[in-house]
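Here's run36.cif, which has mmCIF, C-alpha atoms:
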data_coords
loop_
_atom_site.label_atom_id
_atom_site.label_comp_id
_atom_site.auth_asym_id
_atom_site.auth_seq_id
_atom_site.Cartn_x
_atom_site.Cartn_y
_atom_site.Cartn_z
CA MET S 21 48.85 -64.36 -12.86
CA LYS S 22 45.19 -65.14 -12.27
CA ILE S 23 45.65 -64.30 -8.60
CA ILE S 24 47.09 -60.87 -9.45
CA ILE S 25 44.18 -60.05 -11.81
CA ASN S 26 41.63 -61.09 -9.13
CA PHE S 27 43.52 -58.99 -6.59
CA ILE S 28 43.38 -55.95 -8.92
CA LYS S 29 39.63 -56.50 -9.55
CA ILE S 30 38.92 -56.72 -5.82
CA SER S 31 41.08 -53.65 -5.18
CA LEU S 32 39.24 -51.67 -7.84
CA LEU S 33 35.85 -52.70 -6.42
CA LEU S 34 36.93 -51.64 -2.95
CA MET S 35 38.18 -48.29 -4.26
CA ILE S 36 34.86 -47.70 -6.06
CA LEU S 37 32.95 -48.49 -2.86
CA VAL S 38 35.15 -46.16 -0.82
CA VAL S 39 34.72 -43.31 -3.32
CA ALA S 40 30.94 -43.86 -3.49
CA LYS S 41 30.73 -43.93 0.30
CA SER S 42 32.78 -40.73 0.70
CA SER S 43 30.72 -38.82 -1.91
CA THR S 44 27.53 -39.75 -0.02
CA ASN S 45 29.03 -38.29 3.14
CA ILE S 46 29.70 -35.02 1.34
CA ALA S 47 26.08 -34.75 0.22
CA ILE S 48 24.82 -35.34 3.75
CA THR S 49 27.17 -32.85 5.40
CA LYS S 50 25.21 -29.89 6.79
CA VAL S 51 26.70 -26.44 6.46
CA GLU S 52 25.80 -23.75 8.96
CA ASN S 53 26.19 -20.14 7.95
CA ASN S 54 26.37 -17.83 10.92
CA SER S 55 28.24 -15.07 9.16
CA ILE S 56 27.19 -11.42 9.34
CA ASN S 57 26.43 -11.49 5.60
CA LYS S 58 23.54 -13.88 6.24
CA THR S 59 22.07 -11.43 8.77
CA ILE S 60 22.53 -8.51 6.41
CA ASN S 61 20.90 -10.42 3.57
CA LEU S 62 17.86 -11.27 5.74
CA SER S 63 17.57 -7.64 6.86
CA THR S 64 17.81 -6.43 3.28
CA MET S 65 15.17 -8.92 2.22
CA ALA S 66 12.84 -7.75 5.01
CA LEU S 67 13.31 -4.13 3.94
CA LYS S 68 12.50 -5.08 0.36
CA VAL S 69 9.28 -6.81 1.47
CA VAL S 70 8.25 -3.65 3.35
CA GLU S 71 9.12 -1.57 0.28
CA VAL S 72 6.97 -3.77 -1.97
CA GLU S 73 4.05 -3.69 0.49
CA GLU S 74 4.31 0.10 0.64
CA ALA S 75 4.27 0.33 -3.17
CA LEU S 76 1.22 -1.94 -3.35
CA LYS S 77 -0.58 0.34 -0.90
CA PHE S 78 -0.41 3.10 -3.53
CA THR S 79 -1.47 0.97 -6.50
CA ALA S 80 -4.73 2.14 -8.07
CA ILE S 81 -7.72 -0.21 -7.93
CA ASP S 82 -9.69 2.06 -10.25
CA THR S 83 -9.43 5.49 -11.87
CA TYR S 84 -12.18 8.08 -12.33
CA THR S 85 -12.54 11.57 -13.75
CA GLY S 86 -14.91 14.03 -12.12
CA ASP S 87 -15.34 17.54 -10.83
CA LEU S 88 -13.50 18.71 -7.73
CA THR S 89 -15.37 21.26 -5.63
CA GLY S 90 -15.02 22.50 -2.07
CA TYR S 91 -17.44 22.63 0.84
CA ALA S 92 -17.36 23.51 4.54
CA HIS S 93 -19.17 22.11 7.58
CA ASP S 94 -21.42 25.17 7.64
CA CYS S 95 -22.52 25.17 4.00
CA PRO S 96 -26.23 25.92 3.35
CA LEU S 97 -27.22 22.23 3.00
CA CYS S 98 -24.75 20.91 5.60
CA ASN S 99 -25.47 20.07 9.22
CA GLY S 100 -21.91 20.00 10.54
CA THR S 101 -21.59 16.20 10.61
CA LEU S 102 -20.16 13.61 8.25
CA ALA S 103 -22.48 10.99 6.72
CA CYS S 104 -20.00 8.15 7.28
CA MET S 105 -18.85 9.27 10.75
CA PRO S 106 -21.53 11.44 12.37
CA LYS S 107 -19.63 11.75 15.67
CA TYR S 108 -16.38 13.00 14.08
CA ASP S 109 -16.18 16.71 14.94
CA ILE S 110 -15.49 18.96 11.95
CA THR S 111 -17.18 22.10 13.30
CA ASP S 112 -13.80 23.47 14.40
CA GLY S 113 -12.56 23.62 10.80
CA THR S 114 -10.89 20.19 10.82
CA ASN S 115 -10.56 18.83 7.30
CA THR S 116 -8.25 15.84 7.88
CA TYR S 117 -8.60 12.36 9.31
CA ASN S 118 -5.88 10.08 10.72
CA ASP S 119 -6.28 6.75 8.91
CA ALA S 120 -4.60 3.69 10.44
CA GLU S 121 -3.11 2.60 7.11
CA TYR S 122 -2.52 5.87 5.20
CA GLY S 123 -1.87 8.33 8.01
CA GLU S 124 -3.26 11.87 7.90
CA VAL S 125 -5.50 12.29 4.85
CA TYR S 126 -7.94 14.94 3.69
CA ILE S 127 -11.69 14.40 4.03
CA VAL S 128 -13.88 14.35 0.92
CA ALA S 129 -17.50 13.70 0.06
CA SER S 130 -18.48 11.49 -2.86
CA SER S 131 -21.50 9.72 -4.22
CA LYS S 132 -22.33 6.22 -3.03
CA ASN S 133 -20.23 4.92 -5.95
CA LEU S 134 -17.31 5.02 -3.48
CA PRO S 135 -17.94 3.27 -0.14
CA CYS S 136 -17.25 5.08 3.12
CA GLY S 137 -13.58 4.76 4.05
CA SER S 138 -12.35 4.66 0.44
CA ILE S 139 -8.95 6.25 -0.07
CA ILE S 140 -8.30 8.28 -3.21
CA SER S 141 -5.23 10.06 -4.56
CA PHE S 142 -5.23 12.99 -6.96
CA TYR S 143 -3.29 16.02 -8.07
CA SER S 144 -4.73 19.51 -7.79
CA ASN S 145 -2.57 22.61 -7.59
CA ARG S 146 -5.55 24.31 -5.91
CA ILE S 147 -4.83 22.16 -2.85
CA SER S 148 -1.08 21.45 -2.99
CA ASP S 149 1.81 21.03 -5.41
CA GLY S 150 2.04 17.26 -4.89
CA LYS S 151 -0.20 14.24 -4.66
CA ASN S 152 -3.16 14.53 -2.30
CA LEU S 153 -4.57 11.60 -0.35
CA ALA S 154 -8.16 11.76 0.84
CA ILE S 155 -10.73 9.53 2.53
CA VAL S 156 -14.43 9.39 1.70
CA LEU S 157 -16.25 10.25 4.93
CA ASP S 158 -19.20 12.22 3.58
CA ARG S 159 -21.90 12.16 0.91
CA GLY S 160 -23.74 14.83 -1.05
CA VAL S 161 -22.38 14.74 -4.59
CA THR S 162 -23.42 12.78 -7.65
CA GLY S 163 -21.56 10.63 -10.15
CA THR S 164 -17.79 10.69 -9.96
CA SER S 165 -17.43 14.19 -8.51
CA ILE S 166 -15.47 14.83 -5.31
CA ASP S 167 -16.29 17.52 -2.75
CA PHE S 168 -13.22 18.57 -0.75
CA LEU S 169 -13.81 19.57 2.90
CA VAL S 170 -12.30 22.98 3.73
CA PRO S 171 -12.50 25.15 6.88
CA THR S 172 -14.92 27.78 5.45
CA GLU S 173 -17.24 28.33 2.50
CA GLU S 174 -15.28 31.47 1.61
CA TYR S 175 -12.12 29.36 1.31
CA ALA S 176 -13.98 26.88 -0.91
CA TYR S 177 -15.12 29.61 -3.31
CA LYS S 178 -11.83 31.49 -3.33
CA TYR S 179 -9.30 28.63 -3.57
CA ILE S 180 -11.01 25.38 -4.64
CA GLY S 181 -13.75 26.51 -7.01
CA ARG S 182 -14.62 23.86 -9.60
CA SER S 183 -12.12 21.91 -11.68
CA THR S 184 -11.95 18.57 -13.43
CA ILE S 185 -9.59 16.01 -11.91
CA THR S 186 -8.65 12.40 -12.44
CA TYR S 187 -8.29 10.41 -9.25
CA ASP S 188 -7.17 6.91 -8.33
CA VAL S 189 -9.01 4.73 -5.84
CA LEU S 190 -6.38 3.11 -3.63
CA ARG S 191 -8.76 1.41 -1.19
CA SER S 192 -12.44 0.67 -1.63
CA GLY S 193 -14.04 1.24 1.77
CA TRP S 194 -12.68 0.08 5.10
CA GLU S 195 -11.25 -3.39 4.80
#
Give the structure from this file in structure tokens form.
Amino acid sequence: MKIIINFIKISLLLMILVVAKSSTNIAITKVENNSINKTINLSTMALKVVEVEEALKFTAIDTYTGDLTGYAHDCPLCNGTLACMPKYDITDGTNTYNDAEYGEVYIVASSKNLPCGSIISFYSNRISDGKNLAIVLDRGVTGTSIDFLVPTEEYAYKYIGRSTITYDVLRSGWE
């Protein structure tokens, strides 16, 4: 009888060792997932990252309220050049700039409160029905006012005039 009990004890110990050994093998087993779902999930994740980066690009750093006025390259106190980019030709009526990060944006003048290359966004139905993006490339105003570059002085008087706007600073100078 003692021999049978010892045999059962040894058998149980061996079974426990076998089960412990097999469960360790399961934990170590490496699973490779080469299914199309994995590729789709990575692509979706990459698109989401781009989407988040794009949203961050349009997040306001600061917000100001000031007067919006218009000016042209040939205004009485203007010399046809931009303070921040003197070699950029605006004498042909150009009032936009192609920014590497924000694409085609309008040109505005501000005080030195906003560094050259700052990007702002604002709404003004005098310019368009939607949001306007502009870059600070000129000087000549005081405080928080913005001077919007237009092709002619007549256009500035007739369509822009003077109005109060609130604008968001999206980028402070060239980074």
Contacts of stretch 89-103 of chain S at 8 Å or less, counting all atoms listed in the file, minus same-chain residues fewer than 6 places along, as a list in words? Asp109, Ile110, Thr111, Gly113, Leu157, Asp158, Arg159, Ser165, Ile166, Asp167, Phe168, Leu169, Val170, Pro171, Thr172, Glu173, Ala176, Tyr177, Ile180, Gly181, Arg182 and Ser183 of chain S
For the residues selected in the previous step, produce a file with C-alpha atoms as a PDB file, in the frame of the given file.
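Result file follows (again.pdb):
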ATOM      1  CA  ASP S 109     -16.180  16.710  14.940  1.00  0.00           C
ATOM      2  CA  ILE S 110     -15.490  18.960  11.950  1.00  0.00           C
ATOM      3  CA  THR S 111     -17.180  22.100  13.300  1.00  0.00           C
ATOM      4  CA  GLY S 113     -12.560  23.620  10.800  1.00  0.00           C
ATOM      5  CA  LEU S 157     -16.250  10.250   4.930  1.00  0.00           C
ATOM      6  CA  ASP S 158     -19.200  12.220   3.580  1.00  0.00           C
ATOM      7  CA  ARG S 159     -21.900  12.160   0.910  1.00  0.00           C
ATOM      8  CA  SER S 165     -17.430  14.190  -8.510  1.00  0.00           C
ATOM      9  CA  ILE S 166     -15.470  14.830  -5.310  1.00  0.00           C
ATOM     10  CA  ASP S 167     -16.290  17.520  -2.750  1.00  0.00           C
ATOM     11  CA  PHE S 168     -13.220  18.570  -0.750  1.00  0.00           C
ATOM     12  CA  LEU S 169     -13.810  19.570   2.900  1.00  0.00           C
ATOM     13  CA  VAL S 170     -12.300  22.980   3.730  1.00  0.00           C
ATOM     14  CA  PRO S 171     -12.500  25.150   6.880  1.00  0.00           C
ATOM     15  CA  THR S 172     -14.920  27.780   5.450  1.00  0.00           C
ATOM     16  CA  GLU S 173     -17.240  28.330   2.500  1.00  0.00           C
ATOM     17  CA  ALA S 176     -13.980  26.880  -0.910  1.00  0.00           C
ATOM     18  CA  TYR S 177     -15.120  29.610  -3.310  1.00  0.00           C
ATOM     19  CA  ILE S 180     -11.010  25.380  -4.640  1.00  0.00           C
ATOM     20  CA  GLY S 181     -13.750  26.510  -7.010  1.00  0.00           C
ATOM     21  CA  ARG S 182     -14.620  23.860  -9.600  1.00  0.00           C
ATOM     22  CA  SER S 183     -12.120  21.910 -11.680  1.00  0.00           C
TER      23      SER S 183
END
Straight-line distance linking atom CA of S:Leu190 with atom CA of S:Cys104, stated in Å to one decimal: 18.2 Å
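In this structure, atom CA of S:Ser63 sits 20.1 Å away from atom CA of S:Leu76.
What the PyMOL selection byres ((chain S and resi 136) around 9) grabs from this file is Ala103, Cys104, Met105, Ser130, Lys132, Leu134, Pro135, Gly137, Ser138, Ile139, Ile155, Val156, Leu157, Asp158, Arg159, Ser192, Gly193 and Trp194 of chain S.
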Using the chain letters and numbering of this document, enumerate as a list in words the residues selected by the PyMOL selection byres ((chain S and resi 141-146) around 7).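 The output of the PyMOL selection byres ((chain S and resi 141-146) around 7) on this file is Ile139, Ile140, Ile147, Ser148, Asp149, Gly150, Lys151, Asn152, Leu153, Ala154, Tyr179, Ile180, Thr186, Tyr187, Asp188 and Val189 of chain S.
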Between atom CA of S:Gly86 and atom CA of S:Val128, what is the distance in Å, rounded to a tenth? 13.1 Å
Please, what is the axis-aligned box for every listed atom of stretch 129-135 of chain S with 5 Å on each side, as centre and edge lengths in Å to one decimal, as AutoDock Vina command-line options?
--center_x -19.8 --center_y 8.5 --center_z -2.9 --size_x 15.0 --size_y 20.4 --size_z 16.0
From the list S:Lys107, S:Arg191, S:Lys29, S:Lys68, the nearest residue to S:Glu121 using all atoms listed in the file is S:Arg191
List as a list in words: which residues have an atom within 6 Å of (-12.2, 17.3, -12.5), counting only C-alpha atoms? Thr85, Gly86, Asp87, Leu88, Ser183, Thr184 and Ile185 of chain S
Could you complete stretch 155-171 of chain S so that it carries N, CA and C atoms, and give it back as a PDB file, in the frame of the given file?
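Result file follows (rebuild.pdb):
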ATOM      1  N   ILE S 155      -9.847  10.623   2.139  1.00  0.00           N
ATOM      2  CA  ILE S 155     -10.730   9.530   2.530  1.00  0.00           C
ATOM      3  C   ILE S 155     -12.178   9.988   2.369  1.00  0.00           C
ATOM      4  N   VAL S 156     -13.001   9.102   1.853  1.00  0.00           N
ATOM      5  CA  VAL S 156     -14.430   9.390   1.700  1.00  0.00           C
ATOM      6  C   VAL S 156     -15.102   9.189   3.058  1.00  0.00           C
ATOM      7  N   LEU S 157     -15.543  10.304   3.651  1.00  0.00           N
ATOM      8  CA  LEU S 157     -16.250  10.250   4.930  1.00  0.00           C
ATOM      9  C   LEU S 157     -17.596  10.963   4.874  1.00  0.00           C
ATOM     10  N   ASP S 158     -17.962  11.460   3.689  1.00  0.00           N
ATOM     11  CA  ASP S 158     -19.200  12.220   3.580  1.00  0.00           C
ATOM     12  C   ASP S 158     -19.860  11.937   2.230  1.00  0.00           C
ATOM     13  N   ARG S 159     -21.102  12.327   2.121  1.00  0.00           N
ATOM     14  CA  ARG S 159     -21.900  12.160   0.910  1.00  0.00           C
ATOM     15  C   ARG S 159     -22.370  13.525   0.428  1.00  0.00           C
ATOM     16  N   GLY S 160     -23.154  13.565  -0.622  1.00  0.00           N
ATOM     17  CA  GLY S 160     -23.740  14.830  -1.050  1.00  0.00           C
ATOM     18  C   GLY S 160     -23.401  15.243  -2.458  1.00  0.00           C
ATOM     19  N   VAL S 161     -22.666  14.420  -3.184  1.00  0.00           N
ATOM     20  CA  VAL S 161     -22.380  14.740  -4.590  1.00  0.00           C
ATOM     21  C   VAL S 161     -22.894  13.593  -5.454  1.00  0.00           C
ATOM     22  N   THR S 162     -22.924  13.805  -6.731  1.00  0.00           N
ATOM     23  CA  THR S 162     -23.420  12.780  -7.650  1.00  0.00           C
ATOM     24  C   THR S 162     -22.303  12.326  -8.586  1.00  0.00           C
ATOM     25  N   GLY S 163     -22.499  11.163  -9.147  1.00  0.00           N
ATOM     26  CA  GLY S 163     -21.560  10.630 -10.150  1.00  0.00           C
ATOM     27  C   GLY S 163     -20.172  10.412  -9.599  1.00  0.00           C
ATOM     28  N   THR S 164     -19.190  10.904 -10.339  1.00  0.00           N
ATOM     29  CA  THR S 164     -17.790  10.690  -9.960  1.00  0.00           C
ATOM     30  C   THR S 164     -17.143  11.957  -9.403  1.00  0.00           C
ATOM     31  N   SER S 165     -17.965  12.945  -9.066  1.00  0.00           N
ATOM     32  CA  SER S 165     -17.430  14.190  -8.510  1.00  0.00           C
ATOM     33  C   SER S 165     -16.947  13.981  -7.079  1.00  0.00           C
ATOM     34  N   ILE S 166     -16.045  14.858  -6.656  1.00  0.00           N
ATOM     35  CA  ILE S 166     -15.470  14.830  -5.310  1.00  0.00           C
ATOM     36  C   ILE S 166     -15.647  16.214  -4.704  1.00  0.00           C
ATOM     37  N   ASP S 167     -16.119  16.270  -3.474  1.00  0.00           N
ATOM     38  CA  ASP S 167     -16.290  17.520  -2.750  1.00  0.00           C
ATOM     39  C   ASP S 167     -15.262  17.541  -1.621  1.00  0.00           C
ATOM     40  N   PHE S 168     -14.350  18.486  -1.666  1.00  0.00           N
ATOM     41  CA  PHE S 168     -13.220  18.570  -0.750  1.00  0.00           C
ATOM     42  C   PHE S 168     -13.592  19.414   0.465  1.00  0.00           C
ATOM     43  N   LEU S 169     -13.465  18.854   1.667  1.00  0.00           N
ATOM     44  CA  LEU S 169     -13.810  19.570   2.900  1.00  0.00           C
ATOM     45  C   LEU S 169     -12.739  20.615   3.214  1.00  0.00           C
ATOM     46  N   VAL S 170     -13.187  21.865   3.379  1.00  0.00           N
ATOM     47  CA  VAL S 170     -12.300  22.980   3.730  1.00  0.00           C
ATOM     48  C   VAL S 170     -12.843  23.670   4.976  1.00  0.00           C
ATOM     49  N   PRO S 171     -12.055  24.517   5.623  1.00  0.00           N
ATOM     50  CA  PRO S 171     -12.500  25.150   6.880  1.00  0.00           C
ATOM     51  C   PRO S 171     -13.722  26.076   6.729  1.00  0.00           C
TER      52      PRO S 171
END
